[in-house]
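Peer 1: Take a look at protein-v5.cif, mmCIF, C-alpha atoms (C1' of nucleotides):
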```cif
data_entry
#
loop_
_atom_site.group_PDB
_atom_site.id
_atom_site.type_symbol
_atom_site.label_atom_id
_atom_site.label_comp_id
_atom_site.auth_asym_id
_atom_site.auth_seq_id
_atom_site.Cartn_x
_atom_site.Cartn_y
_atom_site.Cartn_z
ATOM 1 C CA MET P 1 -23.356 2.671 -24.368
ATOM 2 C CA SER P 2 -24.970 -0.697 -23.875
ATOM 3 C CA ARG P 3 -22.201 -2.874 -22.510
ATOM 4 C CA MET P 4 -23.076 -2.643 -18.826
ATOM 5 C CA THR P 5 -25.306 -5.596 -18.186
ATOM 6 C CA THR P 6 -22.622 -7.888 -16.900
ATOM 7 C CA VAL P 7 -20.881 -5.239 -14.845
ATOM 8 C CA ALA P 8 -22.579 -5.284 -11.449
ATOM 9 C CA ALA P 9 -25.539 -7.178 -9.991
ATOM 10 C CA HIS P 10 -24.535 -10.587 -8.735
ATOM 11 C CA THR P 11 -25.842 -10.416 -5.194
ATOM 12 C CA THR P 12 -25.838 -14.147 -4.672
ATOM 13 C CA GLY P 13 -28.357 -15.135 -7.295
ATOM 14 C CA SER P 14 -30.753 -12.206 -7.041
ATOM 15 C CA ARG P 15 -30.639 -9.610 -9.727
ATOM 16 C CA ALA P 16 -32.508 -6.585 -8.542
ATOM 17 C CA LEU P 17 -35.375 -5.086 -10.490
ATOM 18 C CA ALA P 18 -36.138 -1.383 -10.251
ATOM 19 C CA HIS P 19 -39.257 -0.704 -8.231
ATOM 20 C CA PRO P 20 -40.776 2.661 -7.410
ATOM 21 C CA GLU P 21 -40.743 3.696 -3.755
ATOM 22 C CA ARG P 22 -44.108 3.728 -2.094
ATOM 23 C CA ALA P 23 -44.168 7.512 -2.229
ATOM 24 C CA GLU P 24 -43.464 7.465 -5.935
ATOM 25 C CA ILE P 25 -46.496 5.403 -6.852
ATOM 26 C CA ARG P 26 -48.941 7.422 -8.916
ATOM 27 C CA LEU P 27 -52.624 6.702 -9.037
ATOM 28 C CA GLU P 28 -52.839 7.388 -12.756
ATOM 29 C CA ALA P 29 -50.087 4.883 -13.453
ATOM 30 C CA VAL P 30 -51.813 2.261 -11.321
ATOM 31 C CA LEU P 31 -55.129 2.767 -13.093
ATOM 32 C CA HIS P 32 -53.404 2.656 -16.422
ATOM 33 C CA ALA P 33 -51.611 -0.547 -15.535
ATOM 34 C CA LEU P 34 -54.902 -2.132 -14.477
ATOM 35 C CA SER P 35 -56.768 -0.958 -17.564
ATOM 36 C CA ASP P 36 -55.273 -3.639 -19.785
ATOM 37 C CA PRO P 37 -57.215 -6.923 -19.843
ATOM 38 C CA MET P 38 -54.098 -9.057 -19.769
ATOM 39 C CA ARG P 39 -52.563 -7.206 -16.853
ATOM 40 C CA LEU P 40 -55.830 -7.103 -14.951
ATOM 41 C CA ALA P 41 -56.087 -10.863 -15.369
ATOM 42 C CA VAL P 42 -52.571 -11.305 -14.043
ATOM 43 C CA VAL P 43 -53.317 -9.154 -11.017
ATOM 44 C CA ARG P 44 -56.537 -11.043 -10.364
ATOM 45 C CA GLU P 45 -54.771 -14.363 -10.487
ATOM 46 C CA MET P 46 -52.042 -13.045 -8.243
ATOM 47 C CA ALA P 47 -54.567 -11.780 -5.720
ATOM 48 C CA ALA P 48 -56.358 -15.110 -5.771
ATOM 49 C CA SER P 49 -53.211 -17.169 -5.314
ATOM 50 C CA GLN P 50 -51.945 -14.950 -2.542
ATOM 51 C CA GLY P 51 -55.074 -14.802 -0.467
ATOM 52 C CA PRO P 52 -56.451 -11.627 1.056
ATOM 53 C CA ASP P 53 -53.611 -10.959 3.479
ATOM 54 C CA SER P 54 -50.419 -11.221 1.548
ATOM 55 C CA PRO P 55 -47.473 -13.201 2.822
ATOM 56 C CA GLY P 56 -45.446 -11.098 0.406
ATOM 57 C CA LEU P 57 -44.311 -13.048 -2.573
ATOM 58 C CA SER P 58 -45.864 -16.046 -4.150
ATOM 59 C CA CYS P 59 -44.365 -18.218 -6.785
ATOM 60 C CA SER P 60 -47.287 -18.417 -9.127
ATOM 61 C CA HIS P 61 -46.666 -19.345 -12.687
ATOM 62 C CA PHE P 62 -48.540 -17.582 -15.446
ATOM 63 C CA ASP P 63 -49.433 -18.998 -18.780
ATOM 64 C CA LEU P 64 -50.318 -15.989 -20.830
ATOM 65 C CA PRO P 65 -51.432 -16.313 -24.441
ATOM 66 C CA VAL P 66 -48.574 -14.142 -25.656
ATOM 67 C CA THR P 67 -44.905 -14.517 -26.292
ATOM 68 C CA LYS P 68 -42.275 -14.221 -23.607
ATOM 69 C CA SER P 69 -41.289 -10.723 -24.626
ATOM 70 C CA THR P 70 -44.858 -9.511 -24.358
ATOM 71 C CA SER P 71 -45.149 -11.053 -20.911
ATOM 72 C CA THR P 72 -42.001 -9.317 -19.844
ATOM 73 C CA HIS P 73 -43.464 -6.076 -21.119
ATOM 74 C CA HIS P 74 -46.705 -6.435 -19.142
ATOM 75 C CA PHE P 75 -44.931 -7.445 -15.957
ATOM 76 C CA ARG P 76 -42.669 -4.473 -16.362
ATOM 77 C CA VAL P 77 -45.622 -2.098 -16.643
ATOM 78 C CA LEU P 78 -47.116 -3.625 -13.502
ATOM 79 C CA ARG P 79 -43.835 -3.383 -11.649
ATOM 80 C CA GLU P 80 -42.964 0.143 -12.725
ATOM 81 C CA SER P 81 -46.406 1.406 -11.798
ATOM 82 C CA GLY P 82 -45.959 -0.047 -8.329
ATOM 83 C CA VAL P 83 -48.696 -2.660 -8.556
ATOM 84 C CA ILE P 84 -46.456 -5.690 -8.191
ATOM 85 C CA GLU P 85 -42.981 -6.517 -7.007
ATOM 86 C CA GLN P 86 -40.676 -9.045 -8.529
ATOM 87 C CA VAL P 87 -37.536 -10.722 -7.356
ATOM 88 C CA TYR P 88 -35.489 -13.476 -8.861
ATOM 89 C CA ARG P 89 -35.009 -16.816 -7.273
ATOM 90 C CA GLY P 90 -32.566 -18.572 -9.455
ATOM 91 C CA THR P 91 -33.985 -18.853 -12.913
ATOM 92 C CA ALA P 92 -37.557 -18.083 -11.912
ATOM 93 C CA LYS P 93 -39.203 -14.935 -10.744
ATOM 94 C CA LEU P 94 -41.288 -14.409 -7.639
ATOM 95 C CA ASN P 95 -44.204 -12.085 -8.141
ATOM 96 C CA GLY P 96 -46.298 -10.389 -5.546
ATOM 97 C CA LEU P 97 -48.917 -7.716 -5.294
ATOM 98 C CA ARG P 98 -47.749 -4.696 -3.353
ATOM 99 C CA ARG P 99 -50.840 -4.830 -1.196
ATOM 100 C CA GLY P 100 -49.259 -3.081 1.724
ATOM 101 C CA ASP P 101 -48.146 -0.100 -0.261
ATOM 102 C CA LEU P 102 -51.302 0.142 -2.321
ATOM 103 C CA ASP P 103 -53.603 -0.180 0.684
ATOM 104 C CA ALA P 104 -51.607 2.435 2.543
ATOM 105 C CA LEU P 105 -51.695 4.907 -0.319
ATOM 106 C CA PHE P 106 -55.141 4.191 -1.712
ATOM 107 C CA PRO P 107 -57.233 2.344 0.877
ATOM 108 C CA GLY P 108 -59.851 0.140 -0.649
ATOM 109 C CA LEU P 109 -58.838 0.806 -4.218
ATOM 110 C CA LEU P 110 -57.269 -2.531 -5.022
ATOM 111 C CA ASP P 111 -60.118 -4.444 -3.414
ATOM 112 C CA SER P 112 -62.692 -2.401 -5.297
ATOM 113 C CA VAL P 113 -60.978 -3.080 -8.572
ATOM 114 C CA LEU P 114 -60.615 -6.781 -7.861
ATOM 115 C CA ASP P 115 -64.230 -7.000 -6.784
ATOM 116 C CA ALA P 116 -65.321 -5.075 -9.857
ATOM 117 C CA ALA P 117 -63.330 -7.423 -12.074
ATOM 118 C CA THR P 118 -64.930 -10.454 -10.457
ATOM 119 C CA ARG P 119 -68.403 -9.005 -10.824
ATOM 120 C CA GLN P 120 -67.804 -8.182 -14.456
ATOM 121 C CA ALA P 121 -66.440 -11.650 -15.152
ATOM 122 C CA ASP P 122 -69.495 -13.212 -13.493
ATOM 123 C CA ARG P 123 -71.845 -10.885 -15.322
ATOM 124 C CA LEU P 124 -70.292 -11.615 -18.697
ATOM 125 C CA SER P 125 -70.106 -15.370 -18.194
ATOM 126 C CA GLU P 126 -73.776 -15.865 -17.327
ATOM 127 C CA HIS P 127 -74.337 -14.220 -20.725
ATOM 128 C CA MET B 1 -70.070 9.847 -46.646
ATOM 129 C CA SER B 2 -69.944 12.709 -44.166
ATOM 130 C CA ARG B 3 -72.940 14.847 -45.062
ATOM 131 C CA MET B 4 -75.365 13.559 -42.459
ATOM 132 C CA THR B 5 -75.017 15.922 -39.560
ATOM 133 C CA THR B 6 -77.953 18.113 -40.470
ATOM 134 C CA VAL B 7 -80.186 15.270 -41.504
ATOM 135 C CA ALA B 8 -81.836 14.099 -38.300
ATOM 136 C CA ALA B 9 -81.498 15.087 -34.649
ATOM 137 C CA HIS B 10 -83.525 18.167 -33.855
ATOM 138 C CA THR B 11 -85.516 16.923 -30.899
ATOM 139 C CA THR B 12 -86.426 20.347 -29.631
ATOM 140 C CA GLY B 13 -82.989 21.661 -28.776
ATOM 141 C CA SER B 14 -81.453 18.474 -27.471
ATOM 142 C CA ARG B 15 -79.059 16.684 -29.725
ATOM 143 C CA ALA B 16 -78.498 13.238 -28.376
ATOM 144 C CA LEU B 17 -75.059 11.864 -27.613
ATOM 145 C CA ALA B 18 -74.349 8.154 -27.814
ATOM 146 C CA HIS B 19 -73.944 6.577 -24.388
ATOM 147 C CA PRO B 20 -73.253 2.943 -23.597
ATOM 148 C CA GLU B 21 -75.995 1.038 -21.819
ATOM 149 C CA ARG B 22 -75.250 0.120 -18.246
ATOM 150 C CA ALA B 23 -74.630 -3.472 -19.257
ATOM 151 C CA GLU B 24 -72.152 -2.379 -21.895
ATOM 152 C CA ILE B 25 -69.857 -0.561 -19.504
ATOM 153 C CA ARG B 26 -66.491 -2.300 -19.287
ATOM 154 C CA LEU B 27 -64.234 -2.050 -16.280
ATOM 155 C CA GLU B 28 -61.116 -1.776 -18.392
ATOM 156 C CA ALA B 29 -62.568 1.156 -20.290
ATOM 157 C CA VAL B 30 -63.510 2.894 -17.059
ATOM 158 C CA LEU B 31 -60.055 2.429 -15.601
ATOM 159 C CA HIS B 32 -58.493 3.631 -18.810
ATOM 160 C CA ALA B 33 -60.705 6.695 -18.869
ATOM 161 C CA LEU B 34 -59.731 7.513 -15.304
ATOM 162 C CA SER B 35 -56.026 6.941 -15.883
ATOM 163 C CA ASP B 36 -55.537 10.262 -17.636
ATOM 164 C CA PRO B 37 -54.719 13.170 -15.303
ATOM 165 C CA MET B 38 -56.937 15.601 -17.142
ATOM 166 C CA ARG B 39 -59.928 13.292 -17.169
ATOM 167 C CA LEU B 40 -59.423 12.280 -13.565
ATOM 168 C CA ALA B 41 -59.417 15.964 -12.638
ATOM 169 C CA VAL B 42 -62.652 16.485 -14.523
ATOM 170 C CA VAL B 43 -64.284 13.558 -12.779
ATOM 171 C CA ARG B 44 -63.084 14.788 -9.415
ATOM 172 C CA GLU B 45 -64.497 18.223 -10.001
ATOM 173 C CA MET B 46 -67.746 16.734 -11.203
ATOM 174 C CA ALA B 47 -68.012 14.554 -8.134
ATOM 175 C CA ALA B 48 -67.330 17.537 -5.907
ATOM 176 C CA SER B 49 -69.851 19.780 -7.588
ATOM 177 C CA GLN B 50 -72.519 17.104 -7.576
ATOM 178 C CA GLY B 51 -72.256 16.078 -3.982
ATOM 179 C CA PRO B 52 -72.182 12.462 -2.838
ATOM 180 C CA ASP B 53 -75.738 11.567 -3.888
ATOM 181 C CA SER B 54 -76.159 12.714 -7.414
ATOM 182 C CA PRO B 55 -79.242 14.653 -8.492
ATOM 183 C CA GLY B 56 -78.311 13.510 -11.981
ATOM 184 C CA LEU B 57 -76.878 16.283 -14.044
ATOM 185 C CA SER B 58 -75.107 19.361 -12.923
ATOM 186 C CA CYS B 59 -74.210 22.303 -15.045
ATOM 187 C CA SER B 60 -70.627 22.704 -14.008
ATOM 188 C CA HIS B 61 -68.321 24.591 -16.267
ATOM 189 C CA PHE B 62 -64.787 23.376 -16.799
ATOM 190 C CA ASP B 63 -61.806 25.468 -17.622
ATOM 191 C CA LEU B 64 -59.278 22.994 -18.863
ATOM 192 C CA PRO B 65 -55.813 24.085 -19.942
ATOM 193 C CA VAL B 66 -56.300 22.681 -23.419
ATOM 194 C CA THR B 67 -58.053 23.687 -26.574
ATOM 195 C CA LYS B 68 -61.719 23.072 -27.189
ATOM 196 C CA SER B 69 -61.093 20.120 -29.446
ATOM 197 C CA THR B 70 -58.993 18.406 -26.817
ATOM 198 C CA SER B 71 -61.727 18.959 -24.245
ATOM 199 C CA THR B 72 -64.243 17.465 -26.601
ATOM 200 C CA HIS B 73 -61.980 14.476 -27.004
ATOM 201 C CA HIS B 74 -61.605 13.887 -23.260
ATOM 202 C CA PHE B 75 -65.304 14.278 -22.578
ATOM 203 C CA ARG B 76 -65.988 11.835 -25.329
ATOM 204 C CA VAL B 77 -63.684 9.239 -23.795
ATOM 205 C CA LEU B 78 -65.415 9.695 -20.457
ATOM 206 C CA ARG B 79 -68.837 9.424 -22.036
ATOM 207 C CA GLU B 80 -68.079 6.438 -24.243
ATOM 208 C CA SER B 81 -66.543 4.545 -21.352
ATOM 209 C CA GLY B 82 -69.735 5.096 -19.360
ATOM 210 C CA VAL B 83 -68.220 7.303 -16.675
ATOM 211 C CA ILE B 84 -70.241 10.407 -17.437
ATOM 212 C CA GLU B 85 -73.378 11.327 -19.282
ATOM 213 C CA GLN B 86 -73.913 14.459 -21.283
ATOM 214 C CA VAL B 87 -76.954 16.162 -22.667
ATOM 215 C CA TYR B 88 -77.350 19.474 -24.392
ATOM 216 C CA ARG B 89 -79.340 22.317 -22.999
ATOM 217 C CA GLY B 90 -79.314 24.942 -25.688
ATOM 218 C CA THR B 91 -75.759 25.926 -26.407
ATOM 219 C CA ALA B 92 -74.300 24.444 -23.252
ATOM 220 C CA LYS B 93 -73.817 20.874 -22.154
ATOM 221 C CA LEU B 94 -74.910 19.292 -18.915
ATOM 222 C CA ASN B 95 -72.454 16.822 -17.522
ATOM 223 C CA GLY B 96 -73.015 14.253 -14.869
ATOM 224 C CA LEU B 97 -71.267 11.287 -13.349
ATOM 225 C CA ARG B 98 -73.120 8.046 -13.943
ATOM 226 C CA ARG B 99 -72.956 7.212 -10.273
ATOM 227 C CA GLY B 100 -75.984 4.994 -10.308
ATOM 228 C CA ASP B 101 -74.710 2.787 -13.070
ATOM 229 C CA LEU B 102 -71.154 2.680 -11.821
ATOM 230 C CA ASP B 103 -72.143 1.919 -8.242
ATOM 231 C CA ALA B 104 -74.474 -0.804 -9.417
ATOM 232 C CA LEU B 105 -71.861 -2.443 -11.611
ATOM 233 C CA PHE B 106 -68.768 -1.839 -9.513
ATOM 234 C CA PRO B 107 -69.768 -1.019 -5.933
ATOM 235 C CA GLY B 108 -67.257 1.164 -4.185
ATOM 236 C CA LEU B 109 -64.999 1.565 -7.173
ATOM 237 C CA LEU B 110 -65.744 5.168 -7.990
ATOM 238 C CA ASP B 111 -65.508 6.222 -4.368
ATOM 239 C CA SER B 112 -62.212 4.420 -3.936
ATOM 240 C CA VAL B 113 -60.776 6.126 -6.963
ATOM 241 C CA LEU B 114 -62.024 9.544 -5.898
ATOM 242 C CA ASP B 115 -60.712 9.002 -2.404
ATOM 243 C CA ALA B 116 -57.387 7.813 -3.790
ATOM 244 C CA ALA B 117 -57.162 10.875 -5.984
ATOM 245 C CA THR B 118 -57.842 13.174 -3.044
ATOM 246 C CA ARG B 119 -55.250 11.428 -0.917
ATOM 247 C CA GLN B 120 -52.669 11.648 -3.643
ATOM 248 C CA ALA B 121 -53.416 15.327 -4.210
ATOM 249 C CA ASP B 122 -53.044 16.019 -0.491
ATOM 250 C CA ARG B 123 -49.890 13.960 -0.278
ATOM 251 C CA LEU B 124 -48.287 15.742 -3.217
ATOM 252 C CA SER B 125 -49.278 19.219 -2.116
ATOM 253 C CA GLU B 126 -47.799 18.990 1.366
ATOM 254 C CA HIS B 127 -44.597 18.190 -0.511
ATOM 255 C "C1'" DA V 1 -17.018 -26.320 -18.966
ATOM 256 C "C1'" DC V 2 -21.214 -27.081 -21.607
ATOM 257 C "C1'" DC V 3 -26.241 -27.145 -22.431
ATOM 258 C "C1'" DG V 4 -31.007 -26.092 -21.667
ATOM 259 C "C1'" DT V 5 -34.345 -23.335 -19.725
ATOM 260 C "C1'" DA V 6 -36.219 -18.761 -18.062
ATOM 261 C "C1'" DG V 7 -36.253 -14.315 -18.638
ATOM 262 C "C1'" DT V 8 -34.541 -9.542 -20.847
ATOM 263 C "C1'" DA V 9 -33.271 -6.250 -24.576
ATOM 264 C "C1'" DC V 10 -33.759 -4.531 -29.006
ATOM 265 C "C1'" DG V 11 -35.832 -3.416 -33.205
ATOM 266 C "C1'" DG V 12 -39.883 -3.201 -35.891
ATOM 267 C "C1'" DC V 13 -44.737 -2.462 -36.835
ATOM 268 C "C1'" DA V 14 -49.676 -1.368 -36.749
ATOM 269 C "C1'" DG V 15 -52.750 1.025 -34.050
ATOM 270 C "C1'" DC V 16 -54.155 4.099 -30.553
ATOM 271 C "C1'" DT V 17 -53.603 8.666 -27.639
ATOM 272 C "C1'" DG V 18 -53.160 13.435 -26.466
ATOM 273 C "C1'" DT V 19 -52.576 17.531 -28.519
ATOM 274 C "C1'" DC V 20 -53.341 21.358 -31.693
ATOM 275 C "C1'" DA V 21 -55.282 24.410 -35.565
ATOM 276 C "C1'" DA V 22 -58.736 25.296 -38.757
ATOM 277 C "C1'" DA V 23 -63.207 24.671 -40.615
ATOM 278 C "C1'" DC V 24 -67.739 23.689 -39.550
ATOM 279 C "C1'" DT V 25 -72.547 23.210 -37.051
ATOM 280 C "C1'" DA V 26 -75.999 24.638 -33.627
ATOM 281 C "C1'" DC V 27 -78.280 27.497 -30.692
ATOM 282 C "C1'" DG V 28 -79.655 32.094 -28.479
ATOM 283 C "C1'" DA V 29 -79.850 37.098 -28.640
ATOM 284 C "C1'" DG V 30 -80.362 41.223 -30.886
ATOM 285 C "C1'" DC L 1 -81.882 37.215 -40.434
ATOM 286 C "C1'" DT L 2 -77.414 37.850 -38.748
ATOM 287 C "C1'" DC L 3 -73.996 37.565 -35.459
ATOM 288 C "C1'" DG L 4 -71.446 35.654 -31.567
ATOM 289 C "C1'" DT L 5 -70.622 31.946 -28.585
ATOM 290 C "C1'" DA L 6 -70.280 26.881 -27.492
ATOM 291 C "C1'" DG L 7 -69.163 22.710 -29.105
ATOM 292 C "C1'" DT L 8 -67.876 19.142 -32.898
ATOM 293 C "C1'" DT L 9 -65.213 17.347 -36.740
ATOM 294 C "C1'" DT L 10 -61.367 16.624 -39.410
ATOM 295 C "C1'" DG L 11 -56.646 16.234 -40.375
ATOM 296 C "C1'" DA L 12 -52.156 16.281 -38.785
ATOM 297 C "C1'" DC L 13 -48.353 14.900 -35.817
ATOM 298 C "C1'" DA L 14 -45.377 13.091 -32.153
ATOM 299 C "C1'" DG L 15 -45.346 9.724 -28.787
ATOM 300 C "C1'" DC L 16 -46.799 5.678 -26.594
ATOM 301 C "C1'" DT L 17 -48.804 0.683 -26.584
ATOM 302 C "C1'" DG L 18 -49.271 -4.049 -27.463
ATOM 303 C "C1'" DC L 19 -47.477 -7.343 -30.058
ATOM 304 C "C1'" DC L 20 -43.967 -10.209 -32.310
ATOM 305 C "C1'" DG L 21 -39.294 -12.334 -33.595
ATOM 306 C "C1'" DT L 22 -34.556 -12.591 -32.870
ATOM 307 C "C1'" DA L 23 -30.582 -12.095 -30.247
ATOM 308 C "C1'" DC L 24 -28.809 -11.940 -25.813
ATOM 309 C "C1'" DT L 25 -27.932 -12.817 -20.590
ATOM 310 C "C1'" DA L 26 -28.313 -15.533 -16.341
ATOM 311 C "C1'" DC L 27 -28.793 -19.410 -13.688
ATOM 312 C "C1'" DG L 28 -28.921 -24.523 -12.651
ATOM 313 C "C1'" DG L 29 -27.765 -29.216 -13.767
ATOM 314 C "C1'" DT L 30 -24.903 -32.494 -15.638
#
```
As structure tokens, please, write out the structure in this file.

Peer 2:
Amino acid sequence: MSRMTTVAAHTTGSRALAHPERAEIRLEAVLHALSDPMRLAVVREMAASQGPDSPGLSCSHFDLPVTKSTSTHHFRVLRESGVIEQVYRGTAKLNGLRRGDLDALFPGLLDSVLDAATRQADRLSEH
Amino acid sequence: MSRMTTVAAHTTGSRALAHPERAEIRLEAVLHALSDPMRLAVVREMAASQGPDSPGLSCSHFDLPVTKSTSTHHFRVLRESGVIEQVYRGTAKLNGLRRGDLDALFPGLLDSVLDAATRQADRLSEH
DNA sequence: ACCGTAGTACGGCAGCTGTCAAACTACGAG
DNA sequence: CTCGTAGTTTGACAGCTGCCGTACTACGGT
């Protein structure tokens, strides 16, 4: 019941990750995904490195203070909630915010959250 | 270690609930509070019954499909995260969104979330 | 074909979450 | 004062969360 990893998926060096369709994205799941400090930080960094209008995927590299398995876990939560998309490029992974989908479903939400996160970071750092 | 309920707090019919100061409100906690369907529904109803510019507290009554203890729990999460404020008026409780504080800390966030929730509700209902 | 590197899967664990039922406290009305 | 109603507290319980370590898979280079 667990010997199916090698079976399919060899589309010329691009394993496919399961992403929710735009219509399947749920606000509660998005908010939940963003409510973890680590994940919020990842999303902030992604937004910063991608600029305001996304070219889609960027190849940013994240150095999180957790083990690889924990990273995988957080990225999975972000992906399954519809906040980010991920594709493989060889041995690395390309990450990208799903700005288009999020802005279409929930206009202004992502920007508000990112702005709020920046404000809070500023507020807390000028202690 | 648990016989202190009757001790203090009898300020003329207004037990005081612990609320975070504005400066103590954390974005992550707010997002987490809003990421539960039940709590998001409560906040939506509160926002609707209070109108866009809040007169402070409104006396709305909520009929949640859970027991009283579960309600208490959800209202506590909302209060402790800084999303709502509560005061007693006799036997009932006055609830109110902390619009002022939230808008000051995270401009646009609450409105984006409320708007997103409305859009999602509309989208899901026209199935 | 063989390594090394990058990521995933699995199992485990402490802690938190949403829920309930039952016992309790607080206020208002009679 | 006594009762009923509104809300809180406590304890319980299943399920999820964040975290880790180990074992595994996949790709690229040599």

Peer 1: Quick one: residues within 12 Å of Phe106 (chain B), only C-alpha atoms (C1' of nucleotides) counted, chain neighbours fewer than 2 positions away excluded, as a PyMOL selection string?

Peer 2: (chain P and resi 109+111-121+123) or (chain B and resi 22-23+25-28+30-31+83+98-104+108-113)

Peer 1: Please check the contacts: residues of chain V at most 10 Å away from chain B, using all atoms listed in the file, listed as a list in words.

Peer 2: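 Only these qualify: DG18, DT19, DC20, DA21, DT25, DA26, DC27 and DG28 of chain V.
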
Peer 1: Under the rule that only C-alpha atoms (C1' of nucleotides) are counted, which of P:Glu85, P:Ser71, P:His32, P:Val77 is the nearest residue to DT8 (chain V)?

Peer 2: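 Closest to DT8 (chain V), using only C-alpha atoms (C1' of nucleotides): P:Ser71.
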
Peer 1: Would you compute the distance between CA of Ser81 (chain B) and CA of Pro20 (chain B)? Give it in Å to one decimal.

Peer 2: 7.3 Å

Peer 1: If we count all atoms listed in the file and set the cut-off at 12 Å, which residues sit around DG12 (chain V), ignoring sequence neighbours fewer than 2 positions away in its own chain? Please answer as a PDB file with C-alpha atoms (C1' of nucleotides), in the coordinates of the input.

Peer 2:
```pdb
ATOM      1  C1'  DC V  10     -33.759  -4.531 -29.006  1.00  0.00           C
ATOM      2  C1'  DA V  14     -49.676  -1.368 -36.749  1.00  0.00           C
TER       3       DA V  14
ATOM      4  C1'  DC L  19     -47.477  -7.343 -30.058  1.00  0.00           C
ATOM      5  C1'  DC L  20     -43.967 -10.209 -32.310  1.00  0.00           C
ATOM      6  C1'  DG L  21     -39.294 -12.334 -33.595  1.00  0.00           C
ATOM      7  C1'  DT L  22     -34.556 -12.591 -32.870  1.00  0.00           C
TER       8       DT L  22
END
```

Peer 1: Tell me which of P:Leu97, P:His61, P:Arg76, P:Gly82 sits closest to DA6 (chain V), counting all atoms listed in the file.

Peer 2: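 So, comparing all the options, the nearest one is P:His61.
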
Peer 1: To one decimal place, how far is CA of Leu40 (chain B) from CA of Phe62 (chain B) in Å?

Peer 2: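 According to the coordinates, CA of Leu40 (chain B) and CA of Phe62 (chain B) are separated by 12.7 Å.
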
Peer 1: Could you work out how far CA of Leu17 (chain B) lies from CA of Val87 (chain B), giving the answer in Å with one decimal?

Peer 2: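 About the pair CA of Val87 (chain B) and CA of Leu17 (chain B): they are 6.8 Å apart.
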
Peer 1: Could you write out as a PyMOL selection string the residues of chain L within 9 Å of chain B, counting only C-alpha atoms (C1' of nucleotides)?

Peer 2: chain L and resi 5-9

Peer 1: Using the chain letters and residue numbers of this document, give as JSON, numbers by chain the residues selected by the PyMOL selection byres ((chain V and resi 4) around 12).

Peer 2: {"P": [91], "V": [2, 3, 5, 6], "L": [27, 28, 29, 30]}

Peer 1: Quick one: write out the picked residues with C-alpha atoms (C1' of nucleotides) as a compact mmCIF listing (two decimals), in the coordinates of the input?

Peer 2:
```
# COMPACT_ATOMS: atom_id res chain seq x y z
CA THR P 91 -33.98 -18.85 -12.91
C1' DC V 2 -21.21 -27.08 -21.61
C1' DC V 3 -26.24 -27.14 -22.43
C1' DT V 5 -34.34 -23.34 -19.73
C1' DA V 6 -36.22 -18.76 -18.06
C1' DC L 27 -28.79 -19.41 -13.69
C1' DG L 28 -28.92 -24.52 -12.65
C1' DG L 29 -27.76 -29.22 -13.77
C1' DT L 30 -24.90 -32.49 -15.64
```

Peer 1: Skipping near chain neighbours, those fewer than 6 positions away, what residues fall within 10 Å of DT17 (chain L) using all atoms listed in the file, listed as a VMD selection string?

Peer 2: chain V and resid 15 to 17

Peer 1: So which residues touch DA29 (chain V) within 12 Å, counting only C-alpha atoms (C1' of nucleotides), skipping near sequence neighbours fewer than 4 positions away, as an MDAnalysis selection string?

Peer 2: chainID L and resid 1:5

Peer 1: Would you output that residue set with C-alpha atoms (C1' of nucleotides), as a short mmCIF file (atom, residue, chain, number, x, y, z; two decimals), in the coordinates of the input?

Peer 2:
```cif
data_model
loop_
_atom_site.label_atom_id
_atom_site.label_comp_id
_atom_site.auth_asym_id
_atom_site.auth_seq_id
_atom_site.Cartn_x
_atom_site.Cartn_y
_atom_site.Cartn_z
"C1'" DC L 1 -81.88 37.22 -40.43
"C1'" DT L 2 -77.41 37.85 -38.75
"C1'" DC L 3 -74.00 37.56 -35.46
"C1'" DG L 4 -71.45 35.65 -31.57
"C1'" DT L 5 -70.62 31.95 -28.58
#
```

Peer 1: Determine the residue membership of the PyMOL selection byres ((chain L and resi 10) around 10) for the file above and supply it as a list in words.

Peer 2: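 Here the PyMOL selection byres ((chain L and resi 10) around 10) matches DA22, DA23 and DC24 of chain V; DT8, DT9, DG11 and DA12 of chain L.
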
Peer 1: Padding 4 Å on every side, please: axis-aligned box over the listed atoms of region 1-11 of chain V, centre and edge lengths to one decimal in Å, as lines of an AutoDock Vina configuration file.

Peer 2:
```
center_x = -26.6
center_y = -15.3
center_z = -25.6
size_x = 27.2
size_y = 31.7
size_z = 23.1
```

Peer 1: Between B:Ser49, B:Gly96, B:Leu124, B:Val42, which is the closest to chain P once you count all atoms listed in the file?

Peer 2: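 Using all atoms listed in the file, the shortest distance to chain P belongs to B:Leu124.
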